[in-house]
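Below is start11.pdb, which holds PDB, C-alpha atoms, pLDDT in the B column.
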```
ATOM      1  CA  MET A  17      19.476  -3.166   2.915  1.00 79.00           C
ATOM      2  CA  ALA A  18      16.711  -4.122   0.482  1.00 91.00           C
ATOM      3  CA  ILE A  19      13.650  -5.431   2.309  1.00 95.00           C
ATOM      4  CA  LEU A  20      11.720  -5.952  -0.935  1.00 96.00           C
ATOM      5  CA  GLU A  21      13.109  -7.137  -4.271  1.00 97.00           C
ATOM      6  CA  VAL A  22      11.035  -7.471  -7.429  1.00 96.00           C
ATOM      7  CA  GLN A  23      12.936  -9.595  -9.927  1.00 96.00           C
ATOM      8  CA  GLY A  24      11.800  -9.772 -13.534  1.00 96.00           C
ATOM      9  CA  VAL A  25       8.108  -9.989 -12.685  1.00 96.00           C
ATOM     10  CA  GLU A  26       5.748 -10.690 -15.570  1.00 96.00           C
ATOM     11  CA  LYS A  27       2.005 -11.253 -15.365  1.00 95.00           C
ATOM     12  CA  ILE A  28      -0.145 -12.575 -18.196  1.00 93.00           C
ATOM     13  CA  TYR A  29      -3.872 -13.120 -17.860  1.00 89.00           C
ATOM     14  CA  THR A  30      -5.813 -15.405 -20.168  1.00 84.00           C
ATOM     15  CA  THR A  31      -9.368 -14.270 -20.850  1.00 76.00           C
ATOM     16  CA  ARG A  32     -12.163 -16.674 -20.047  1.00 72.00           C
ATOM     17  CA  PHE A  33     -13.626 -16.624 -23.560  1.00 69.00           C
ATOM     18  CA  GLY A  34     -11.472 -17.040 -26.643  1.00 63.00           C
ATOM     19  CA  GLY A  35      -8.256 -17.670 -24.753  1.00 72.00           C
ATOM     20  CA  ASN A  36      -6.832 -14.210 -25.527  1.00 82.00           C
ATOM     21  CA  GLN A  37      -3.830 -13.196 -23.445  1.00 85.00           C
ATOM     22  CA  VAL A  38      -3.378  -9.835 -21.749  1.00 87.00           C
ATOM     23  CA  GLN A  39       0.057  -8.865 -20.462  1.00 91.00           C
ATOM     24  CA  ALA A  40      -0.437  -6.782 -17.317  1.00 93.00           C
ATOM     25  CA  LEU A  41       3.247  -6.628 -16.269  1.00 95.00           C
ATOM     26  CA  SER A  42       6.425  -7.105 -18.267  1.00 94.00           C
ATOM     27  CA  ASP A  43       9.903  -7.692 -16.790  1.00 93.00           C
ATOM     28  CA  VAL A  44       9.446  -5.431 -13.755  1.00 96.00           C
ATOM     29  CA  HIS A  45      12.576  -4.912 -11.643  1.00 95.00           C
ATOM     30  CA  PHE A  46      13.007  -2.712  -8.570  1.00 96.00           C
ATOM     31  CA  SER A  47      13.888  -2.917  -4.896  1.00 96.00           C
ATOM     32  CA  VAL A  48      12.764  -1.091  -1.759  1.00 97.00           C
ATOM     33  CA  GLU A  49      15.178  -0.371   1.063  1.00 97.00           C
ATOM     34  CA  GLN A  50      14.376  -0.809   4.742  1.00 96.00           C
ATOM     35  CA  GLY A  51      12.603   2.351   5.933  1.00 96.00           C
ATOM     36  CA  GLU A  52      11.802   3.675   2.450  1.00 97.00           C
ATOM     37  CA  TYR A  53       8.501   5.310   1.518  1.00 98.00           C
ATOM     38  CA  VAL A  54       7.714   4.543  -2.121  1.00 98.00           C
ATOM     39  CA  ALA A  55       4.676   5.617  -4.136  1.00 97.00           C
ATOM     40  CA  VAL A  56       3.625   3.826  -7.331  1.00 96.00           C
ATOM     41  CA  MET A  57       1.707   5.853  -9.908  1.00 95.00           C
ATOM     42  CA  GLY A  58       0.226   5.155 -13.311  1.00 88.00           C
ATOM     43  CA  GLU A  59      -2.951   5.448 -15.359  1.00 86.00           C
ATOM     44  CA  SER A  60      -5.832   3.007 -14.919  1.00 83.00           C
ATOM     45  CA  GLY A  61      -4.857  -0.244 -16.594  1.00 84.00           C
ATOM     46  CA  SER A  62      -1.129   0.460 -16.284  1.00 88.00           C
ATOM     47  CA  GLY A  63      -0.537  -2.593 -14.086  1.00 90.00           C
ATOM     48  CA  LYS A  64      -0.031  -0.930 -10.710  1.00 91.00           C
ATOM     49  CA  THR A  65      -2.878  -2.766  -8.972  1.00 89.00           C
ATOM     50  CA  THR A  66      -1.679  -6.080 -10.405  1.00 93.00           C
ATOM     51  CA  LEU A  67       1.780  -5.267  -9.067  1.00 94.00           C
ATOM     52  CA  LEU A  68       0.408  -4.475  -5.607  1.00 93.00           C
ATOM     53  CA  ASN A  69      -1.531  -7.741  -5.534  1.00 92.00           C
ATOM     54  CA  ILE A  70       1.641  -9.656  -6.360  1.00 95.00           C
ATOM     55  CA  LEU A  71       3.603  -7.803  -3.659  1.00 94.00           C
ATOM     56  CA  ALA A  72       0.823  -8.706  -1.222  1.00 91.00           C
ATOM     57  CA  ALA A  73       1.016 -12.399  -2.219  1.00 91.00           C
ATOM     58  CA  LEU A  74      -2.630 -12.168  -3.306  1.00 90.00           C
ATOM     59  CA  ASP A  75      -1.643 -13.073  -6.864  1.00 92.00           C
ATOM     60  CA  LYS A  76       1.302 -14.914  -8.377  1.00 92.00           C
ATOM     61  CA  PRO A  77       3.478 -13.724 -11.243  1.00 95.00           C
ATOM     62  CA  THR A  78       3.595 -15.671 -14.477  1.00 95.00           C
ATOM     63  CA  LYS A  79       7.343 -15.207 -14.440  1.00 95.00           C
ATOM     64  CA  GLY A  80       9.905 -13.775 -12.029  1.00 96.00           C
ATOM     65  CA  ASP A  81       9.696 -13.533  -8.259  1.00 96.00           C
ATOM     66  CA  VAL A  82       9.283 -11.205  -5.278  1.00 96.00           C
ATOM     67  CA  LEU A  83      11.591 -11.480  -2.268  1.00 95.00           C
ATOM     68  CA  LEU A  84      10.733 -10.139   1.179  1.00 94.00           C
ATOM     69  CA  ASN A  85      13.785 -10.005   3.443  1.00 91.00           C
ATOM     70  CA  GLY A  86      15.493 -12.320   0.975  1.00 91.00           C
ATOM     71  CA  ASN A  87      12.715 -14.921   1.109  1.00 90.00           C
ATOM     72  CA  PRO A  88      11.050 -15.718  -2.245  1.00 94.00           C
ATOM     73  CA  LEU A  89       7.264 -15.522  -2.070  1.00 93.00           C
ATOM     74  CA  SER A  90       7.106 -18.306  -4.659  1.00 91.00           C
ATOM     75  CA  LYS A  91       8.487 -20.738  -2.073  1.00 91.00           C
ATOM     76  CA  ILE A  92       5.644 -20.137   0.380  1.00 90.00           C
ATOM     77  CA  SER A  93       2.988 -22.827   0.229  1.00 89.00           C
ATOM     78  CA  ASP A  94      -0.637 -21.857  -0.342  1.00 85.00           C
ATOM     79  CA  LYS A  95      -1.418 -23.272   3.103  1.00 87.00           C
ATOM     80  CA  SER A  96       1.077 -20.899   4.750  1.00 89.00           C
ATOM     81  CA  LEU A  97       0.223 -17.723   2.804  1.00 87.00           C
ATOM     82  CA  ALA A  98      -2.400 -16.351   5.198  1.00 85.00           C
ATOM     83  CA  ALA A  99      -0.053 -16.643   8.170  1.00 86.00           C
ATOM     84  CA  PHE A 100       2.793 -15.141   6.128  1.00 89.00           C
ATOM     85  CA  ARG A 101       0.709 -12.081   5.230  1.00 88.00           C
ATOM     86  CA  ARG A 102      -0.436 -11.633   8.822  1.00 86.00           C
ATOM     87  CA  GLU A 103       3.105 -11.847  10.195  1.00 87.00           C
ATOM     88  CA  ASN A 104       4.916  -9.777   7.564  1.00 93.00           C
ATOM     89  CA  LEU A 105       2.538  -7.447   5.733  1.00 94.00           C
ATOM     90  CA  GLY A 106       0.125  -4.703   6.695  1.00 93.00           C
ATOM     91  CA  PHE A 107      -2.652  -3.556   4.348  1.00 92.00           C
ATOM     92  CA  VAL A 108      -4.501  -0.252   4.061  1.00 91.00           C
ATOM     93  CA  PHE A 109      -7.337  -0.100   1.522  1.00 85.00           C
ATOM     94  CA  GLN A 110      -9.285   2.753  -0.033  1.00 82.00           C
ATOM     95  CA  ASN A 111     -12.604   1.585   1.433  1.00 84.00           C
ATOM     96  CA  PHE A 112     -11.286   0.822   4.946  1.00 84.00           C
ATOM     97  CA  ASN A 113     -12.644  -2.778   5.023  1.00 88.00           C
ATOM     98  CA  LEU A 114     -13.761  -2.467   8.642  1.00 93.00           C
ATOM     99  CA  LEU A 115     -16.445  -4.781  10.033  1.00 94.00           C
ATOM    100  CA  ASP A 116     -19.528  -2.736  10.973  1.00 94.00           C
ATOM    101  CA  ASN A 117     -20.576  -5.055  13.801  1.00 95.00           C
ATOM    102  CA  PHE A 118     -17.153  -4.761  15.475  1.00 96.00           C
ATOM    103  CA  THR A 119     -15.991  -1.752  17.465  1.00 97.00           C
ATOM    104  CA  LEU A 120     -12.866   0.032  16.246  1.00 97.00           C
ATOM    105  CA  ARG A 121     -10.941  -1.741  19.018  1.00 97.00           C
ATOM    106  CA  ASP A 122     -12.138  -5.165  17.889  1.00 96.00           C
ATOM    107  CA  ASN A 123     -11.430  -4.350  14.238  1.00 96.00           C
ATOM    108  CA  ILE A 124      -7.886  -3.359  15.145  1.00 96.00           C
ATOM    109  CA  PHE A 125      -7.379  -6.433  17.307  1.00 96.00           C
ATOM    110  CA  LEU A 126      -8.589  -8.865  14.640  1.00 93.00           C
ATOM    111  CA  PRO A 127      -5.181  -9.863  13.165  1.00 91.00           C
ATOM    112  CA  LEU A 128      -3.756 -10.325  16.684  1.00 92.00           C
ATOM    113  CA  VAL A 129      -6.736 -12.460  17.696  1.00 93.00           C
ATOM    114  CA  LEU A 130      -6.083 -14.636  14.651  1.00 87.00           C
ATOM    115  CA  ALA A 131      -2.446 -14.885  15.745  1.00 86.00           C
ATOM    116  CA  GLY A 132      -3.518 -16.064  19.214  1.00 90.00           C
ATOM    117  CA  MET A 133      -2.228 -13.075  21.234  1.00 92.00           C
ATOM    118  CA  GLN A 134      -3.532 -12.493  24.757  1.00 95.00           C
ATOM    119  CA  TYR A 135      -5.904  -9.545  25.351  1.00 92.00           C
ATOM    120  CA  ASP A 136      -3.622  -7.705  27.797  1.00 94.00           C
ATOM    121  CA  ASP A 137      -0.754  -7.861  25.296  1.00 94.00           C
ATOM    122  CA  MET A 138      -3.022  -6.543  22.554  1.00 95.00           C
ATOM    123  CA  GLU A 139      -4.049  -3.589  24.733  1.00 95.00           C
ATOM    124  CA  LYS A 140      -0.405  -2.770  25.454  1.00 94.00           C
ATOM    125  CA  ARG A 141       0.248  -2.518  21.736  1.00 93.00           C
ATOM    126  CA  LEU A 142      -2.932  -0.601  20.987  1.00 96.00           C
ATOM    127  CA  GLN A 143      -2.925   2.229  23.514  1.00 93.00           C
ATOM    128  CA  PRO A 144       0.223   4.141  22.464  1.00 91.00           C
ATOM    129  CA  MET A 145      -0.618   3.570  18.797  1.00 90.00           C
ATOM    130  CA  ALA A 146      -4.196   4.838  19.236  1.00 93.00           C
ATOM    131  CA  LYS A 147      -2.899   8.030  20.843  1.00 90.00           C
ATOM    132  CA  VAL A 148      -0.482   8.677  17.977  1.00 86.00           C
ATOM    133  CA  LEU A 149      -3.307   8.112  15.474  1.00 89.00           C
ATOM    134  CA  GLY A 150      -5.745  10.268  17.441  1.00 89.00           C
ATOM    135  CA  ILE A 151      -8.388   7.564  17.903  1.00 94.00           C
ATOM    136  CA  HIS A 152      -7.830   6.586  21.551  1.00 93.00           C
ATOM    137  CA  GLU A 153     -11.198   8.107  22.570  1.00 95.00           C
ATOM    138  CA  LEU A 154     -13.058   6.344  19.755  1.00 96.00           C
ATOM    139  CA  LEU A 155     -12.062   2.726  20.324  1.00 96.00           C
ATOM    140  CA  ASN A 156     -15.460   1.650  21.685  1.00 97.00           C
ATOM    141  CA  LYS A 157     -17.365   3.200  18.783  1.00 97.00           C
ATOM    142  CA  PHE A 158     -18.494   1.324  15.686  1.00 97.00           C
ATOM    143  CA  PRO A 159     -17.267   2.296  12.199  1.00 95.00           C
ATOM    144  CA  TYR A 160     -20.623   3.868  11.242  1.00 95.00           C
ATOM    145  CA  GLU A 161     -20.354   6.174  14.268  1.00 96.00           C
ATOM    146  CA  VAL A 162     -17.116   7.882  13.171  1.00 95.00           C
ATOM    147  CA  SER A 163     -15.923   9.850  10.148  1.00 92.00           C
ATOM    148  CA  GLY A 164     -14.205   8.432   7.086  1.00 90.00           C
ATOM    149  CA  GLY A 165     -10.880   9.842   8.194  1.00 90.00           C
ATOM    150  CA  GLN A 166     -11.258   8.237  11.610  1.00 93.00           C
ATOM    151  CA  GLN A 167     -12.203   4.926  10.002  1.00 93.00           C
ATOM    152  CA  GLN A 168      -9.058   5.070   7.891  1.00 91.00           C
ATOM    153  CA  ARG A 169      -6.946   5.765  10.979  1.00 91.00           C
ATOM    154  CA  ALA A 170      -8.444   2.661  12.582  1.00 94.00           C
ATOM    155  CA  ALA A 171      -7.638   0.724   9.413  1.00 93.00           C
ATOM    156  CA  ILE A 172      -4.039   1.923   9.642  1.00 93.00           C
ATOM    157  CA  ALA A 173      -3.894   0.848  13.297  1.00 94.00           C
ATOM    158  CA  ARG A 174      -5.140  -2.606  12.284  1.00 94.00           C
ATOM    159  CA  ALA A 175      -2.474  -2.744   9.569  1.00 93.00           C
ATOM    160  CA  ILE A 176       0.468  -1.799  11.793  1.00 93.00           C
ATOM    161  CA  ILE A 177      -0.494  -3.432  15.092  1.00 94.00           C
ATOM    162  CA  THR A 178       1.140  -6.655  13.881  1.00 92.00           C
ATOM    163  CA  GLU A 179       4.402  -4.668  13.446  1.00 91.00           C
ATOM    164  CA  PRO A 180       4.679  -5.597   9.756  1.00 94.00           C
ATOM    165  CA  LYS A 181       7.923  -5.544   7.840  1.00 94.00           C
ATOM    166  CA  LEU A 182       6.138  -3.866   4.929  1.00 96.00           C
ATOM    167  CA  LEU A 183       3.034  -1.661   4.864  1.00 96.00           C
ATOM    168  CA  LEU A 184       1.118  -1.801   1.563  1.00 96.00           C
ATOM    169  CA  ALA A 185      -1.466   0.907   0.838  1.00 94.00           C
ATOM    170  CA  ASP A 186      -3.944   0.884  -2.060  1.00 92.00           C
ATOM    171  CA  GLU A 187      -5.324   4.385  -2.774  1.00 90.00           C
ATOM    172  CA  PRO A 188      -5.531   5.116   0.986  1.00 90.00           C
ATOM    173  CA  THR A 189      -6.810   8.686   0.464  1.00 88.00           C
ATOM    174  CA  GLY A 190      -9.234   7.867  -2.346  1.00 86.00           C
ATOM    175  CA  ALA A 191     -12.397   7.972  -0.207  1.00 83.00           C
ATOM    176  CA  LEU A 192     -11.390  10.956   1.961  1.00 86.00           C
ATOM    177  CA  ASP A 193     -12.031  14.686   1.791  1.00 87.00           C
ATOM    178  CA  SER A 194      -9.156  17.157   1.544  1.00 89.00           C
ATOM    179  CA  LYS A 195      -8.820  17.777   5.302  1.00 88.00           C
ATOM    180  CA  SER A 196      -8.887  14.054   6.141  1.00 87.00           C
ATOM    181  CA  THR A 197      -6.392  13.388   3.335  1.00 90.00           C
ATOM    182  CA  ASP A 198      -3.896  15.879   4.762  1.00 91.00           C
ATOM    183  CA  SER A 199      -4.307  14.394   8.231  1.00 89.00           C
ATOM    184  CA  LEU A 200      -3.847  10.848   6.958  1.00 90.00           C
ATOM    185  CA  LEU A 201      -0.742  11.741   4.953  1.00 92.00           C
ATOM    186  CA  ASP A 202       0.740  13.262   8.113  1.00 93.00           C
ATOM    187  CA  VAL A 203       0.168   9.899   9.809  1.00 91.00           C
ATOM    188  CA  PHE A 204       1.965   8.041   7.025  1.00 93.00           C
ATOM    189  CA  SER A 205       4.886  10.467   7.256  1.00 94.00           C
ATOM    190  CA  LYS A 206       5.131   9.906  11.021  1.00 92.00           C
ATOM    191  CA  LEU A 207       5.028   6.130  10.567  1.00 93.00           C
ATOM    192  CA  ASN A 208       7.786   6.320   7.987  1.00 95.00           C
ATOM    193  CA  ALA A 209       9.859   8.637  10.183  1.00 94.00           C
ATOM    194  CA  GLY A 210       9.579   5.923  12.834  1.00 93.00           C
ATOM    195  CA  GLY A 211      11.121   3.386  10.467  1.00 94.00           C
ATOM    196  CA  GLN A 212       8.054   1.824   8.820  1.00 95.00           C
ATOM    197  CA  THR A 213       8.652   0.754   5.209  1.00 97.00           C
ATOM    198  CA  ILE A 214       5.721   1.813   3.008  1.00 97.00           C
ATOM    199  CA  VAL A 215       4.718   1.063  -0.583  1.00 97.00           C
ATOM    200  CA  MET A 216       1.643   3.010  -1.668  1.00 96.00           C
ATOM    201  CA  VAL A 217      -0.295   2.805  -4.937  1.00 95.00           C
ATOM    202  CA  THR A 218      -2.040   6.103  -5.650  1.00 94.00           C
ATOM    203  CA  HIS A 219      -3.543   8.339  -8.326  1.00 91.00           C
ATOM    204  CA  SER A 220      -3.060  11.351  -6.054  1.00 93.00           C
ATOM    205  CA  VAL A 221      -0.116  13.619  -6.767  1.00 95.00           C
ATOM    206  CA  LYS A 222      -0.562  15.111  -3.290  1.00 95.00           C
ATOM    207  CA  ALA A 223      -0.247  11.676  -1.679  1.00 95.00           C
ATOM    208  CA  ALA A 224       2.734  10.700  -3.820  1.00 96.00           C
ATOM    209  CA  SER A 225       4.506  13.982  -3.014  1.00 97.00           C
ATOM    210  CA  ARG A 226       4.875  12.834   0.610  1.00 96.00           C
ATOM    211  CA  ALA A 227       6.902   9.760  -0.423  1.00 97.00           C
ATOM    212  CA  GLY A 228      10.653   9.605  -0.741  1.00 97.00           C
ATOM    213  CA  ARG A 229      10.543   8.009  -4.183  1.00 98.00           C
ATOM    214  CA  VAL A 230       7.921   7.654  -6.894  1.00 97.00           C
ATOM    215  CA  LEU A 231       7.819   4.801  -9.397  1.00 97.00           C
ATOM    216  CA  PHE A 232       5.824   5.475 -12.560  1.00 96.00           C
ATOM    217  CA  ILE A 233       4.368   2.417 -14.262  1.00 94.00           C
ATOM    218  CA  LYS A 234       3.110   2.500 -17.840  1.00 91.00           C
ATOM    219  CA  ASP A 235       1.850  -0.372 -19.991  1.00 90.00           C
ATOM    220  CA  GLY A 236       3.096  -2.883 -17.441  1.00 92.00           C
ATOM    221  CA  VAL A 237       6.683  -1.624 -17.190  1.00 93.00           C
ATOM    222  CA  ILE A 238       8.519   0.827 -14.917  1.00 93.00           C
ATOM    223  CA  PHE A 239       8.556   3.947 -17.087  1.00 89.00           C
ATOM    224  CA  HIS A 240      10.543   6.225 -14.781  1.00 92.00           C
ATOM    225  CA  GLN A 241      11.355   6.916 -11.146  1.00 95.00           C
ATOM    226  CA  ILE A 242      12.219  10.071  -9.246  1.00 97.00           C
ATOM    227  CA  TYR A 243      13.650  10.625  -5.767  1.00 97.00           C
ATOM    228  CA  ARG A 244      12.658  13.409  -3.402  1.00 96.00           C
ATOM    229  CA  GLY A 245      16.147  14.207  -2.201  1.00 95.00           C
ATOM    230  CA  ASP A 246      15.993  17.505  -0.311  1.00 95.00           C
ATOM    231  CA  ALA A 247      12.946  18.771  -2.226  1.00 96.00           C
ATOM    232  CA  SER A 248       9.970  20.212  -0.338  1.00 95.00           C
ATOM    233  CA  ASN A 249       6.522  18.670  -0.709  1.00 95.00           C
ATOM    234  CA  ASP A 250       5.554  21.456  -3.128  1.00 96.00           C
ATOM    235  CA  ALA A 251       8.683  21.052  -5.244  1.00 97.00           C
ATOM    236  CA  PHE A 252       8.309  17.279  -5.350  1.00 97.00           C
ATOM    237  CA  TYR A 253       4.625  17.698  -6.247  1.00 96.00           C
ATOM    238  CA  GLN A 254       5.651  19.742  -9.277  1.00 97.00           C
ATOM    239  CA  ARG A 255       8.241  17.183 -10.392  1.00 96.00           C
ATOM    240  CA  ILE A 256       5.664  14.408 -10.126  1.00 96.00           C
ATOM    241  CA  SER A 257       3.131  16.457 -12.119  1.00 95.00           C
ATOM    242  CA  ASP A 258       5.719  17.165 -14.824  1.00 94.00           C
ATOM    243  CA  THR A 259       6.551  13.460 -15.122  1.00 93.00           C
ATOM    244  CA  LEU A 260       2.874  12.500 -15.424  1.00 91.00           C
ATOM    245  CA  THR A 261       2.430  15.158 -18.114  1.00 90.00           C
ATOM    246  CA  ARG A 262       5.391  13.720 -20.014  1.00 86.00           C
ATOM    247  CA  MET A 263       3.964  10.217 -19.732  1.00 84.00           C
ATOM    248  CA  MET A 264       0.626  11.375 -21.128  1.00 79.00           C
ATOM    249  CA  SER A 265       2.342  13.285 -23.919  1.00 77.00           C
ATOM    250  CA  ASP A 266       4.317  10.198 -24.906  1.00 71.00           C
ATOM    251  CA  SER A 267       1.096   8.162 -24.929  1.00 63.00           C
ATOM    252  CA  LEU A 268      -0.642  10.674 -27.175  1.00 60.00           C
ATOM    253  CA  GLN A 269       2.298  10.810 -29.557  1.00 63.00           C
ATOM    254  CA  GLY A 270       2.410   7.032 -29.661  1.00 57.00           C
ATOM    255  CA  GLY A 271      -1.304   6.917 -30.449  1.00 46.00           C
ATOM    256  CA  GLU A 272      -0.874   9.409 -33.286  1.00 42.00           C
ATOM    257  CA  GLN A 273       1.987   7.378 -34.750  1.00 37.00           C
ATOM    258  CA  ASP A 274      -0.026   4.158 -34.495  1.00 37.00           C
ATOM    259  CA  ALA A 275      -2.987   5.794 -36.194  1.00 30.00           C
TER     260      ALA A 275
END
```
Give the structure from this file in structure tokens form.
Amino acid sequence: MAILEVQGVEKIYTTRFGGNQVQALSDVHFSVEQGEYVAVMGESGSGKTTLLNILAALDKPTKGDVLLNGNPLSKISDKSLAAFRRENLGFVFQNFNLLDNFTLRDNIFLPLVLAGMQYDDMEKRLQPMAKVLGIHELLNKFPYEVSGGQQQRAAIARAIITEPKLLLADEPTGALDSKSTDSLLDVFSKLNAGGQTIVMVTHSVKAASRAGRVLFIKDGVIFHQIYRGDASNDAFYQRISDTLTRMMSDSLQGGEQDA
């Protein structure tokens, strides 16, 4: 069953001066099944961040629509968007976006506080999750007192404590060292194995190689997609690298022809 459907999405921006138009996305179609783990890759300026913002209901397409569980995002009123995001979507960002004057526990609780949940109920949700993420002994610490990897684990806890239908991640390993990256990717794999649907935008081939499917976006369109199947992480890594090389080769050839 498709939990997410992207139907003919187009996004055109008009520049502030001169009224020039820039087409960031063009007729994008794809769907994500319940429990899938999908990575989206592409060069800077390819449109992947614009796509993520539209999936997160942070931006609206110029044309087309996005459906979550069959419900069109275009039908949600601006007044209801914040509650919709809180109840249906979880977000993990590259720079953690934790509040320094809140403990990790309070940062994680924030979306539940906004939803009006009682403290005891929040604790019941947090404790088993904190143990899985390896931060149960750090909950009373502040973000500046823990490592980047631990901050990102707290950010993941905040994202999934609402039990979102869809977890969206924007370059989640971008600010981490190699050891923390490996640890974080293990966490994402465990979450997905538990049934969490994940869509992750990343430049990292290592991160993408943990997904079950990779969408490659180029010049605002879906250029190609590949599925993991039974491939190992190493084998899938190589297939992803080969596809990126082909994309770059096509770009260079196109540039030579245009010149």
**Report entry** Residue neighbourhood Ile124 of chain A, 7 Å, all atoms listed in the file, exclusion window fewer than 4 positions, as a ChimeraX atom specification
**Finding:** /A:120,170,173-174
**Report entry** Selection dump of the PyMOL selection byres ((chain A and resi 33-43) around 12), as a ChimeraX atom specification
**Finding:** /A:22-32,44-46,60-70,76-81,233-239
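Using all atoms listed in the file, the shortest contact distance between Glu21 of chain A and any of A:Asn111, A:Leu84, A:Gln168, A:Ser196 is found at A:Leu84.
The smallest atom-to-atom distance between Asp186 of chain A and any of A:Leu74, A:Phe232, A:Phe107, A:Ala251, using all atoms listed in the file, is found for A:Phe107.
Excluding Gly164 of chain A itself and same-chain residues fewer than 2 positions from it, the residues having an atom within 8 Å of it are A:Val162, A:Gln166, A:Gln167, A:Gln168, A:Ala191, A:Leu192, A:Ser196, counting all atoms listed in the file.
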Dump as a PDB file, keeping the file's coordinate frame, selection limited to C-alpha atoms:
```
ATOM      1  CA  VAL A 162     -17.116   7.882  13.171  1.00 95.00           C
ATOM      2  CA  GLN A 166     -11.258   8.237  11.610  1.00 93.00           C
ATOM      3  CA  GLN A 167     -12.203   4.926  10.002  1.00 93.00           C
ATOM      4  CA  GLN A 168      -9.058   5.070   7.891  1.00 91.00           C
ATOM      5  CA  ALA A 191     -12.397   7.972  -0.207  1.00 83.00           C
ATOM      6  CA  LEU A 192     -11.390  10.956   1.961  1.00 86.00           C
ATOM      7  CA  SER A 196      -8.887  14.054   6.141  1.00 87.00           C
TER       8      SER A 196
END
```
**Report entry** Residue IDs satisfying the PyMOL selection byres ((chain A and resi 49) around 7), as number ranges by chain
**Finding:** A: 17-20, 47-48, 50-52
Report summary line: In Å and to one decimal, atom CA of Leu97 of chain A is distant from atom CA of Leu71 of chain A by 12.3 Å
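Checking A:Phe125, A:Tyr253, A:Phe100, A:Tyr53 one by one against Ala171 of chain A, counting only C-alpha atoms, you find the shortest gap at A:Phe125.
Here the question is which of A:Ser205, A:Asn156, A:Gln212, A:Thr261 gets nearest to Asn249 of chain A using only C-alpha atoms, and that residue is A:Ser205.
Here atom CA of Gly106 of chain A stands at a distance of 18.4 Å from atom CA of Gln143 of chain A.
Interatomic distance, atom CA of Ala223 of chain A to atom CA of Leu200 of chain A: 9.4 Å.
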Query raised in the report: Hey, what comes out of the PyMOL selection byres ((chain A and resi 131) around 12) on this file? Could you write it as a PyMOL selection string?
Result: chain A and resi 98-103+125-130+132-135+137-138+177-178
Centre, x/y/z edge lengths, axis-aligned box for segment 63-81 of chain A with 6 Å per side, as JSON:
```
{"center_x": 3.5, "center_y": -8.3, "center_z": -7.8, "size_x": 24.8, "size_y": 26.7, "size_z": 25.3}
```
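Closest approach to Phe204 of chain A among A:Ile176, A:Val82, A:Leu105, A:Ala146: A:Ile176, based on only C-alpha atoms.
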Query - Selection near Val56 of chain A, 9 Å with all atoms listed in the file, sequence-local residues under 2 positions removed, as a PyMOL selection string - result: chain A and resi 54+58+64+215-219+224+229-233
